[in-house]
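Student: This is input33.txt, which holds compact mmCIF, C-alpha atoms and all ligand atoms:
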# COMPACT_ATOMS: atom_id res chain seq x y z
CA HIS A 214 -153.02 -135.78 -55.13
CA LEU A 215 -149.88 -134.76 -53.35
CA GLN A 216 -151.67 -131.70 -51.87
CA PRO A 217 -155.18 -130.20 -51.93
CA PRO A 218 -155.98 -128.96 -55.46
CA ASN A 219 -154.56 -125.55 -56.28
CA ASP A 220 -155.93 -123.20 -58.95
CA SER A 221 -154.27 -124.96 -61.84
CA GLN A 222 -155.48 -128.36 -60.59
CA MET A 223 -159.00 -126.95 -60.29
CA GLY A 224 -158.63 -126.02 -63.96
CA ASP A 225 -157.63 -129.61 -64.68
CA LEU A 226 -160.71 -130.86 -62.83
CA ARG A 227 -162.94 -128.49 -64.85
CA ARG A 228 -161.36 -129.76 -68.09
CA GLU A 229 -161.89 -133.36 -67.00
CA ASN A 230 -165.52 -132.72 -66.02
CA CYS A 231 -166.09 -131.04 -69.35
CA ARG A 232 -164.82 -134.17 -71.15
CA ALA A 233 -166.99 -136.40 -68.94
CA LYS A 234 -170.02 -134.38 -70.01
CA GLY A 235 -169.61 -135.34 -73.64
CA GLY A 236 -166.39 -133.57 -74.54
CA SER A 237 -163.73 -135.29 -76.61
CA GLY A 238 -163.66 -138.48 -74.48
CA GLY A 239 -160.36 -140.25 -74.14
CA PHE A 240 -158.86 -142.86 -71.86
CA LYS A 241 -157.38 -142.81 -68.37
CA VAL A 242 -153.85 -144.17 -68.32
CA ALA A 243 -151.47 -144.80 -65.41
CA VAL A 244 -147.70 -145.23 -65.73
CA LEU A 245 -146.17 -147.08 -62.74
CA GLY A 246 -142.45 -146.31 -62.49
CA ALA A 247 -143.00 -142.98 -64.25
CA ALA A 248 -139.85 -141.29 -62.91
CA GLY A 249 -137.50 -143.90 -64.39
CA GLY A 250 -135.41 -144.06 -67.54
CA ILE A 251 -138.33 -145.52 -69.51
CA GLY A 252 -141.06 -143.94 -67.40
CA GLN A 253 -140.15 -140.30 -68.11
CA PRO A 254 -140.05 -140.36 -71.93
CA LEU A 255 -143.01 -142.76 -71.89
CA ALA A 256 -145.00 -140.31 -69.77
CA MET A 257 -144.02 -137.48 -72.10
CA LEU A 258 -145.12 -139.38 -75.20
CA MET A 259 -148.40 -140.45 -73.56
CA LYS A 260 -149.08 -136.78 -72.73
CA MET A 261 -148.83 -136.17 -76.49
CA ASN A 262 -151.34 -138.92 -77.33
CA PRO A 263 -154.76 -137.45 -78.17
CA LEU A 264 -156.48 -140.67 -77.03
CA VAL A 265 -155.38 -139.99 -73.44
CA SER A 266 -157.60 -137.71 -71.32
CA VAL A 267 -156.07 -138.39 -67.90
CA LEU A 268 -152.49 -139.46 -67.20
CA HIS A 269 -151.51 -140.68 -63.73
CA LEU A 270 -147.77 -140.79 -63.01
CA TYR A 271 -146.79 -143.03 -60.09
CA ASP A 272 -143.35 -143.77 -58.68
CA VAL A 273 -141.67 -144.31 -55.32
CA VAL A 274 -139.34 -141.34 -56.07
CA ASN A 275 -139.50 -138.03 -58.00
CA ALA A 276 -143.11 -138.34 -59.18
CA PRO A 277 -143.97 -134.72 -58.22
CA GLY A 278 -141.09 -133.29 -60.26
CA VAL A 279 -141.78 -135.35 -63.37
CA THR A 280 -145.49 -134.53 -63.08
CA ALA A 281 -144.93 -130.77 -62.71
CA ASP A 282 -142.62 -130.82 -65.71
CA ILE A 283 -144.86 -132.85 -68.03
CA SER A 284 -148.03 -131.04 -66.95
CA HIS A 285 -146.74 -127.85 -68.62
CA MET A 286 -146.96 -129.43 -72.08
CA ASP A 287 -149.84 -127.78 -73.96
CA THR A 288 -151.62 -131.00 -74.90
CA SER A 289 -155.04 -131.94 -73.59
CA ALA A 290 -154.34 -134.84 -71.19
CA VAL A 291 -154.69 -133.92 -67.52
CA VAL A 292 -151.60 -135.09 -65.58
CA ARG A 293 -151.48 -136.03 -61.90
CA GLY A 294 -148.58 -137.32 -59.82
CA PHE A 295 -148.63 -139.97 -57.09
CA LEU A 296 -145.68 -140.65 -54.80
CA GLY A 297 -145.10 -143.80 -52.77
CA GLN A 298 -147.08 -146.88 -51.82
CA GLN A 299 -149.66 -144.90 -49.81
CA GLN A 300 -150.77 -143.17 -53.05
CA LEU A 301 -150.82 -146.28 -55.27
CA GLU A 302 -154.56 -146.85 -54.88
CA ASP A 303 -155.40 -143.25 -55.84
CA ALA A 304 -153.08 -143.58 -58.84
CA LEU A 305 -154.91 -146.70 -60.06
CA THR A 306 -158.56 -145.95 -59.35
CA GLY A 307 -160.59 -145.58 -62.54
CA MET A 308 -157.77 -146.38 -64.99
CA ASP A 309 -158.48 -147.95 -68.41
CA LEU A 310 -154.85 -148.81 -69.14
CA VAL A 311 -151.95 -149.37 -66.73
CA ILE A 312 -148.39 -149.45 -68.09
CA ILE A 313 -145.69 -150.93 -65.81
CA PRO A 314 -142.05 -149.97 -66.44
CA ALA A 315 -141.19 -150.12 -62.68
CA GLY A 316 -138.14 -152.06 -61.58
CA VAL A 317 -134.39 -152.32 -61.89
CA PRO A 318 -132.62 -152.55 -65.26
CA ARG A 319 -129.65 -154.73 -66.27
CA LYS A 320 -125.97 -153.87 -66.08
CA PRO A 321 -123.35 -155.45 -68.37
CA GLY A 322 -122.87 -159.16 -67.66
CA MET A 323 -126.38 -159.66 -66.27
CA THR A 324 -129.25 -161.62 -67.80
CA ARG A 325 -132.83 -160.37 -67.53
CA ASP A 326 -133.47 -163.27 -65.15
CA ASP A 327 -130.89 -161.76 -62.77
CA LEU A 328 -133.49 -159.00 -62.18
CA PHE A 329 -136.11 -161.50 -60.99
CA ASN A 330 -135.38 -161.24 -57.25
CA ILE A 331 -136.09 -157.49 -57.12
CA ASN A 332 -138.62 -157.01 -59.91
CA ALA A 333 -140.87 -159.97 -59.08
CA GLY A 334 -141.84 -158.38 -55.77
CA ILE A 335 -142.36 -154.95 -57.36
CA VAL A 336 -144.67 -156.35 -60.05
CA LYS A 337 -146.56 -158.40 -57.44
CA THR A 338 -147.28 -155.35 -55.27
CA LEU A 339 -148.35 -153.19 -58.24
CA CYS A 340 -150.64 -155.93 -59.58
CA GLU A 341 -152.26 -156.37 -56.17
CA GLY A 342 -153.11 -152.67 -56.40
CA ILE A 343 -154.53 -153.11 -59.91
CA ALA A 344 -156.68 -156.08 -58.79
CA LYS A 345 -158.11 -153.93 -56.01
CA CYS A 346 -158.56 -150.56 -57.75
CA CYS A 347 -158.95 -151.11 -61.52
CA PRO A 348 -159.54 -154.82 -62.12
CA LYS A 349 -160.94 -154.16 -65.60
CA ALA A 350 -157.94 -152.17 -66.83
CA ILE A 351 -155.73 -153.39 -69.66
CA VAL A 352 -152.27 -154.05 -68.18
CA ASN A 353 -149.04 -153.64 -70.21
CA VAL A 354 -146.07 -155.24 -68.41
CA ILE A 355 -142.63 -153.91 -69.36
CA SER A 356 -140.64 -154.82 -66.21
CA ASN A 357 -138.13 -157.61 -66.77
CA PRO A 358 -137.89 -160.53 -66.90
CA VAL A 359 -141.13 -160.22 -68.92
CA ASN A 360 -141.16 -163.99 -69.50
CA SER A 361 -141.71 -164.37 -65.72
CA THR A 362 -143.34 -161.08 -64.67
CA VAL A 363 -146.41 -161.68 -66.87
CA PRO A 364 -147.07 -165.10 -65.25
CA ILE A 365 -146.55 -163.39 -61.86
CA ALA A 366 -149.19 -160.78 -62.75
CA ALA A 367 -151.58 -163.53 -63.91
CA GLU A 368 -151.16 -165.42 -60.62
CA VAL A 369 -151.76 -162.27 -58.55
CA PHE A 370 -154.96 -161.57 -60.50
CA LYS A 371 -156.10 -165.21 -60.19
CA LYS A 372 -155.59 -165.06 -56.43
CA ALA A 373 -157.65 -161.87 -56.28
CA GLY A 374 -160.37 -163.40 -58.51
CA THR A 375 -159.96 -160.69 -61.17
CA TYR A 376 -157.88 -162.49 -63.83
CA ASP A 377 -158.92 -161.82 -67.40
CA PRO A 378 -156.23 -163.20 -69.75
CA LYS A 379 -157.45 -160.86 -72.51
CA ARG A 380 -156.39 -157.84 -70.47
CA LEU A 381 -152.85 -158.83 -69.49
CA LEU A 382 -150.12 -158.23 -72.08
CA GLY A 383 -146.34 -158.46 -71.84
CA VAL A 384 -144.73 -155.79 -73.99
CA THR A 385 -142.43 -157.34 -76.64
CA MET A 386 -142.87 -154.43 -79.05
CA LEU A 387 -139.22 -153.37 -78.74
CA ASP A 388 -138.19 -156.67 -80.33
CA VAL A 389 -140.46 -155.89 -83.29
CA VAL A 390 -139.20 -152.29 -83.49
CA ARG A 391 -135.59 -153.54 -83.53
CA ALA A 392 -136.37 -156.29 -86.03
CA ASN A 393 -138.03 -153.80 -88.38
CA THR A 394 -135.00 -151.50 -88.11
CA PHE A 395 -132.31 -154.14 -88.63
CA VAL A 396 -134.18 -155.93 -91.45
CA ALA A 397 -134.84 -152.60 -93.21
CA GLU A 398 -131.10 -151.85 -93.03
CA VAL A 399 -130.28 -155.17 -94.73
CA LEU A 400 -133.00 -154.74 -97.37
CA GLY A 401 -132.23 -151.05 -97.98
CA LEU A 402 -135.82 -150.07 -97.13
CA ASP A 403 -137.48 -147.45 -94.92
CA PRO A 404 -138.15 -149.26 -91.57
CA ARG A 405 -141.71 -147.91 -91.61
CA GLU A 406 -142.40 -150.10 -94.66
CA VAL A 407 -141.16 -153.27 -92.96
CA ASP A 408 -143.12 -155.63 -90.72
CA VAL A 409 -141.30 -158.48 -88.95
CA PRO A 410 -143.30 -160.81 -86.69
CA VAL A 411 -141.31 -161.64 -83.53
CA VAL A 412 -142.75 -164.46 -81.42
CA GLY A 413 -141.87 -166.48 -78.32
CA GLY A 414 -140.80 -164.31 -75.39
CA HIS A 415 -138.52 -161.44 -74.43
CA ALA A 416 -135.06 -162.78 -73.55
CA GLY A 417 -132.22 -164.21 -75.65
CA VAL A 418 -133.22 -167.31 -77.61
CA THR A 419 -136.87 -166.90 -76.62
CA ILE A 420 -136.97 -163.86 -78.97
CA LEU A 421 -137.81 -165.55 -82.27
CA PRO A 422 -137.98 -163.35 -85.37
CA LEU A 423 -139.90 -164.99 -88.22
CA LEU A 424 -137.82 -163.74 -91.13
CA SER A 425 -139.66 -166.06 -93.53
CA GLN A 426 -142.79 -163.95 -92.88
CA VAL A 427 -141.27 -160.48 -93.33
CA LYS A 428 -143.43 -157.99 -95.20
CA PRO A 429 -142.76 -156.95 -97.91
CA SER A 430 -142.01 -160.54 -98.87
CA SER A 431 -138.19 -160.90 -98.94
CA SER A 432 -135.53 -163.56 -99.06
CA PHE A 433 -132.30 -163.59 -97.05
CA THR A 434 -129.03 -165.48 -97.41
CA PRO A 435 -128.15 -167.94 -94.59
CA LYS A 436 -125.50 -165.42 -93.45
CA GLU A 437 -128.08 -162.62 -93.29
CA ILE A 438 -130.46 -164.87 -91.35
CA ASP A 439 -127.77 -165.68 -88.77
CA TYR A 440 -126.74 -162.02 -88.48
CA LEU A 441 -130.32 -160.72 -88.16
CA THR A 442 -131.48 -163.39 -85.72
CA ASP A 443 -128.47 -162.83 -83.48
CA ARG A 444 -128.77 -159.02 -83.59
CA ILE A 445 -132.51 -159.06 -82.83
CA GLN A 446 -132.09 -161.58 -79.98
CA ASN A 447 -129.25 -159.55 -78.47
CA GLY A 448 -130.49 -156.01 -79.18
CA GLY A 449 -131.07 -155.39 -75.47
CA THR A 450 -127.56 -156.53 -74.58
CA GLU A 451 -126.15 -154.29 -77.34
CA VAL A 452 -127.68 -151.27 -75.56
CA VAL A 453 -126.74 -152.47 -72.05
CA GLU A 454 -123.10 -152.78 -73.14
CA ALA A 455 -123.08 -149.42 -74.95
CA LYS A 456 -124.50 -147.73 -71.83
CA ALA A 457 -121.71 -149.42 -69.83
CA GLY A 458 -123.44 -149.64 -66.45
CA ALA A 459 -125.84 -146.70 -66.86
CA GLY A 460 -128.86 -148.93 -67.56
CA SER A 461 -130.61 -150.53 -70.50
CA ALA A 462 -132.78 -149.34 -73.39
CA THR A 463 -135.01 -146.48 -72.27
CA LEU A 464 -135.72 -144.17 -75.23
CA SER A 465 -136.38 -146.85 -77.87
CA MET A 466 -138.38 -148.71 -75.18
CA ALA A 467 -140.51 -145.65 -74.43
CA TYR A 468 -141.13 -145.31 -78.18
CA ALA A 469 -142.08 -149.00 -78.43
CA ALA A 470 -144.25 -148.87 -75.30
CA VAL A 471 -146.19 -145.90 -76.63
CA LYS A 472 -146.64 -147.54 -80.03
CA PHE A 473 -148.04 -150.57 -78.21
CA ALA A 474 -150.17 -148.59 -75.73
CA ASP A 475 -151.62 -146.58 -78.61
CA ALA A 476 -152.61 -149.85 -80.33
CA CYS A 477 -154.29 -151.01 -77.09
CA LEU A 478 -156.21 -147.71 -76.83
CA ARG A 479 -157.29 -147.79 -80.48
CA GLY A 480 -158.51 -151.34 -79.84
CA LEU A 481 -160.42 -150.18 -76.76
CA ARG A 482 -161.98 -147.41 -78.86
CA GLY A 483 -163.25 -150.06 -81.28
CA ASP A 484 -160.93 -149.50 -84.24
CA ALA A 485 -160.84 -152.53 -86.55
CA GLY A 486 -157.80 -154.58 -87.57
CA ILE A 487 -155.36 -153.57 -84.79
CA VAL A 488 -152.73 -156.33 -84.75
CA GLN A 489 -149.45 -156.30 -82.79
CA CYS A 490 -147.12 -158.89 -81.28
CA ALA A 491 -147.44 -159.36 -77.51
CA TYR A 492 -146.66 -161.95 -74.82
CA VAL A 493 -150.02 -163.26 -73.63
CA ALA A 494 -151.85 -166.28 -72.25
CA SER A 495 -151.97 -168.43 -75.34
CA GLU A 496 -152.80 -171.81 -76.86
CA VAL A 497 -150.55 -171.29 -79.86
CA THR A 498 -148.03 -173.74 -78.31
CA GLU A 499 -148.28 -176.11 -75.35
CA LEU A 500 -146.92 -173.34 -73.08
CA PRO A 501 -149.40 -171.23 -71.07
CA PHE A 502 -147.82 -167.94 -72.28
CA PHE A 503 -146.34 -167.11 -75.65
CA ALA A 504 -145.76 -164.01 -77.77
CA SER A 505 -147.35 -163.88 -81.19
CA LYS A 506 -149.48 -161.55 -83.26
CA VAL A 507 -152.71 -160.66 -81.46
CA ARG A 508 -155.74 -158.64 -82.53
CA LEU A 509 -156.63 -155.92 -80.04
CA GLY A 510 -160.20 -154.77 -79.48
CA ARG A 511 -162.68 -153.38 -76.96
CA THR A 512 -162.02 -156.22 -74.51
CA GLY A 513 -158.25 -156.43 -74.97
CA VAL A 514 -156.80 -159.45 -76.80
CA GLU A 515 -159.69 -160.58 -79.00
CA GLU A 516 -157.84 -163.05 -81.21
CA ILE A 517 -154.47 -164.76 -81.12
CA HIS A 518 -153.02 -165.44 -84.53
CA PRO A 519 -151.37 -168.80 -85.22
CA LEU A 520 -147.63 -168.75 -85.92
CA GLY A 521 -148.09 -169.48 -89.62
CA PRO A 522 -145.71 -171.62 -91.68
CA LEU A 523 -142.19 -171.82 -90.19
CA ASN A 524 -139.06 -172.92 -92.05
CA GLU A 525 -136.61 -175.45 -90.62
CA TYR A 526 -134.39 -172.75 -89.05
CA GLU A 527 -137.40 -171.21 -87.30
CA ARG A 528 -138.73 -174.59 -86.16
CA ALA A 529 -135.35 -175.31 -84.49
CA GLY A 530 -135.43 -171.82 -82.93
CA LEU A 531 -138.94 -172.46 -81.65
CA GLU A 532 -137.87 -175.63 -79.82
CA LYS A 533 -135.02 -173.76 -78.10
CA ALA A 534 -137.30 -170.86 -77.23
CA LYS A 535 -139.96 -173.10 -75.71
CA LYS A 536 -137.43 -174.92 -73.53
CA GLU A 537 -136.19 -171.69 -71.93
CA LEU A 538 -139.64 -170.12 -71.75
CA ALA A 539 -141.11 -173.09 -69.87
CA GLY A 540 -138.63 -172.57 -67.00
CA SER A 541 -139.18 -168.80 -66.86
CA ILE A 542 -142.95 -169.21 -66.75
CA GLN A 543 -142.72 -171.83 -64.01
CA LYS A 544 -140.42 -169.59 -61.99
CA GLY A 545 -142.96 -166.75 -62.12
CA VAL A 546 -145.90 -168.98 -61.22
CA SER A 547 -144.02 -170.55 -58.28
CA PHE A 548 -143.08 -167.13 -56.93
CA ILE A 549 -146.77 -166.46 -56.17
CA ARG A 550 -147.97 -169.99 -55.45
CA LYS A 551 -145.13 -170.94 -53.08
P1 LIG B 1 -134.99 -147.23 -64.07
O1 LIG B 1 -134.25 -147.72 -62.89
O2 LIG B 1 -134.43 -146.08 -64.83
O3 LIG B 1 -136.48 -146.85 -63.67
C1 LIG B 1 -137.28 -147.70 -62.91
C2 LIG B 1 -138.22 -146.87 -62.10
O4 LIG B 1 -139.03 -147.76 -61.33
C3 LIG B 1 -137.51 -145.93 -61.09
O5 LIG B 1 -137.98 -144.61 -61.21
C4 LIG B 1 -137.89 -146.51 -59.74
O6 LIG B 1 -138.04 -145.54 -58.71
C5 LIG B 1 -139.24 -147.15 -60.07
N1 LIG B 1 -139.65 -148.14 -59.09
C6 LIG B 1 -138.91 -149.00 -58.38
N2 LIG B 1 -139.70 -149.69 -57.53
C7 LIG B 1 -140.97 -149.25 -57.71
C8 LIG B 1 -142.21 -149.57 -57.15
N3 LIG B 1 -142.34 -150.49 -56.20
N4 LIG B 1 -143.30 -148.91 -57.59
C9 LIG B 1 -143.18 -147.97 -58.57
N5 LIG B 1 -142.03 -147.62 -59.14
C10 LIG B 1 -140.93 -148.26 -58.72
O7 LIG B 1 -135.19 -148.48 -65.05
P2 LIG B 1 -135.68 -148.46 -66.57
O8 LIG B 1 -134.50 -148.35 -67.46
O9 LIG B 1 -136.80 -147.49 -66.71
O10 LIG B 1 -136.24 -149.98 -66.72
C11 LIG B 1 -137.36 -150.40 -66.01
C12 LIG B 1 -137.65 -151.87 -66.29
O11 LIG B 1 -138.01 -152.08 -67.65
C13 LIG B 1 -136.45 -152.79 -66.04
O12 LIG B 1 -136.90 -153.96 -65.39
C14 LIG B 1 -135.97 -153.13 -67.44
O13 LIG B 1 -135.28 -154.34 -67.51
C15 LIG B 1 -137.29 -153.18 -68.18
N6 LIG B 1 -137.21 -153.06 -69.63
C16 LIG B 1 -138.05 -153.83 -70.38
C17 LIG B 1 -138.04 -153.74 -71.76
C18 LIG B 1 -138.98 -154.57 -72.58
O14 LIG B 1 -138.78 -154.67 -73.80
N7 LIG B 1 -140.02 -155.14 -72.03
C19 LIG B 1 -137.16 -152.84 -72.39
C20 LIG B 1 -136.33 -152.07 -71.61
C21 LIG B 1 -136.34 -152.19 -70.22
C1 LIG B 2 -134.34 -154.70 -73.87
O1 LIG B 2 -134.62 -155.61 -74.64
O2 LIG B 2 -133.72 -153.68 -74.22
C2 LIG B 2 -134.78 -154.80 -72.42
O3 LIG B 2 -135.33 -156.04 -72.16
C3 LIG B 2 -133.75 -154.39 -71.46
C4 LIG B 2 -132.61 -155.36 -71.34
O4 LIG B 2 -132.25 -155.71 -70.21
O5 LIG B 2 -132.05 -155.75 -72.37
Represent the structure contained in this file as structure tokens.
Tutor:
Amino acid sequence: HLQPPNDSQMGDLRRENCRAKGGSGGFKVAVLGAAGGIGQPLAMLMKMNPLVSVLHLYDVVNAPGVTADISHMDTSAVVRGFLGQQQLEDALTGMDLVIIPAGVPRKPGMTRDDLFNINAGIVKTLCEGIAKCCPKAIVNVISNPVNSTVPIAAEVFKKAGTYDPKRLLGVTMLDVVRANTFVAEVLGLDPREVDVPVVGGHAGVTILPLLSQVKPSSSFTPKEIDYLTDRIQNGGTEVVEAKAGAGSATLSMAYAAVKFADACLRGLRGDAGIVQCAYVASEVTELPFFASKVRLGRTGVEEIHPLGPLNEYERAGLEKAKKELAGSIQKGVSFIRK
């Protein structure tokens, strides 16, 4: 807490105790980087999620303001703010799910890898806190470059002796959200009816939409395949350029992050058949990390689906994706091992 509990915080504590004594249950979720462009709408949407009983909002700036604001929403989650490194451990203790959108975003002309030098260190510090304070939590990594920050997180957890590959997930949901939207536009369907698997990683050619596996089953002309693949792979850049220096995707990312976090929480609750794409430790290819469909359950990633049949275009895309991914993974691993 930023200060000793006041009357309204005492009310929060009573509500939380009441839940602990057999009330409606729910999960404890922390957002690290909660005052940022993604963090704020993500925190707001998590406050609206009935599966969340406690929401911890951590940032190195502005956490008290965002917390005060969101705490006035009349939904049941109890919200607490934590400001600065000295409050990181309090923010993390007891959490079931930790979502990490902390770090700098791209400006036009940059690649996600250009963010490595700043964001690698941020993710390292936050994961050291997780290893110490909530080693059993499910961790959702949003900070870019995801292709490298997830291997960084894995190495930090290995060093601390807490690594459980089932509990560490890189968030690639925005690629799926975009793919569903763009494919629905081409097919003239409602995007909610469309399901496009997107595998590989989360940067440029490593983002590999499997258009041959779109549901409902559909066929595309070669021109449509080129257009859709290019638009899905460069969706992030489309937003970075439209924002013209004011950052990257924040609102669609918050939406995607909450969709993904909700799937993780429903899995933790024991719901059956929760399947989403995510970037995880994997044996689907020869690479140690790869995004594909995974089944989420009480222990995190309970099953990793194979890629399924790929056409020639997708097989060529896969080779390109693997080549770039291998370097990004190695870069993340070396950052911790060096
Ligand atoms: P932002 O600059 O608006 O917000 C980042 C927040 O992180 C800020 O509030 C900042 O104070 C905070 N922060 C910085 N260092 C911190 C630390 N050590 N501990 C806690 N918080 C810290 O940026 P944004 O637009 O919210 O983007 C955040 C990250 O998410 C970027 O790296 C961006 O590239 C990435 N991103 C990923 C995806 C994806 O699909 N995975 C999509 C969009 C953006
Ligand atoms: C995205 O896909 O929107 C994010 O990875 C942010 C970016 O830099 O493109």
Student: Show me a table, sorted first by chain and then by increasing residue number, of the residues of chain A having an atom at most 6 Å from ligand LIG 1 (chain B), each with its shortest atom pair and the distance in Å to one decimal, counting only C-alpha atoms and all ligand atoms and written as CSV.
Tutor:
residue,atom,partner,partner_atom,distance
A:Leu245,CA,B:LIG1,C9,5.2
A:Gly246,CA,B:LIG1,N5,3.6
A:Ala248,CA,B:LIG1,O5,4.2
A:Gly249,CA,B:LIG1,O3,3.2
A:Gly250,CA,B:LIG1,O2,3.5
A:Ile251,CA,B:LIG1,O9,3.7
A:Gly252,CA,B:LIG1,O9,5.6
A:Asp272,CA,B:LIG1,N5,4.1
A:Val273,CA,B:LIG1,N5,5.1
A:Val274,CA,B:LIG1,O6,5.1
A:Pro314,CA,B:LIG1,O11,4.7
A:Ala315,CA,B:LIG1,O4,3.5
A:Gly316,CA,B:LIG1,O4,4.4
A:Val317,CA,B:LIG1,O12,4.6
A:Pro318,CA,B:LIG1,C13,3.9
A:Arg319,CA,B:LIG1,O13,5.8
A:Ile335,CA,B:LIG1,N3,4.6
A:Ile355,CA,B:LIG1,N7,3.9
A:Ser356,CA,B:LIG1,O12,3.9
A:Asn357,CA,B:LIG1,O12,4.1
A:Val384,CA,B:LIG1,N7,5.1
A:Thr385,CA,B:LIG1,O14,5.3
A:Leu387,CA,B:LIG1,O14,5.1
A:Gly460,CA,B:LIG1,O8,5.7
A:Ser461,CA,B:LIG1,O8,5.4
A:Ala462,CA,B:LIG1,C20,4.8
A:Thr463,CA,B:LIG1,O8,5.2
A:Met466,CA,B:LIG1,C19,5.1
Student: Can you pull out the residues contacting Met259 (chain A)? Cut-off 12 Å, using only C-alpha atoms, and skip same-chain residues under 3 positions away; I want them as an MDAnalysis selection string.
Tutor: chainID A and resid 239:244 247 251:256 262:270 283:284 286 288:292 310:312 467:475 478
Student: Where's the centre, and what are the edge lengths in Å to one decimal, of a box along x, y and z enclosing all listed atoms of ligand LIG 2 (chain B) padded 6 Å per side, as lines of an AutoDock Vina configuration file?
Tutor:
center_x = -133.7
center_y = -154.9
center_z = -72.4
size_x = 15.3
size_y = 14.4
size_z = 16.4
Student: Please provide the set of residues having any atom within 12 Å of Leu523 (chain A), restricted to only C-alpha atoms, with same-chain residues fewer than 6 positions apart removed, written as a PyMOL selection string.
Tutor: chain A and resi 410+412+421-427+529-532
Student: Find the residue from A:Asp377, A:Ala459, A:Pro501, A:Glu516 that sits nearest to Ser361 (chain A); use all atoms listed in the file when measuring.
Tutor: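 Smallest distance to Ser361 (chain A) is found for A:Pro501.
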Student: Given all atoms listed in the file as the basis, pick out the residue of A:Glu406, A:Asp388, A:Glu454, A:Glu515 nearest to Ser495 (chain A).
Tutor: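 Between A:Glu406, A:Asp388, A:Glu454, A:Glu515, the residue approaching Ser495 (chain A) most closely is A:Glu515.
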Student: Could you state the separation of CA of Lys379 (chain A) and CA of His415 (chain A) in Å, given to one decimal place?
Tutor: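 Spanning CA of Lys379 (chain A) to CA of His415 (chain A) is a straight-line distance of 19.0 Å.
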Student: To one decimal place, how far is CA of Thr450 (chain A) from atom O5 of ligand LIG 2 (chain B) in Å?
Tutor: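 Separation of CA of Thr450 (chain A) and atom O5 of ligand LIG 2 (chain B): 5.1 Å.
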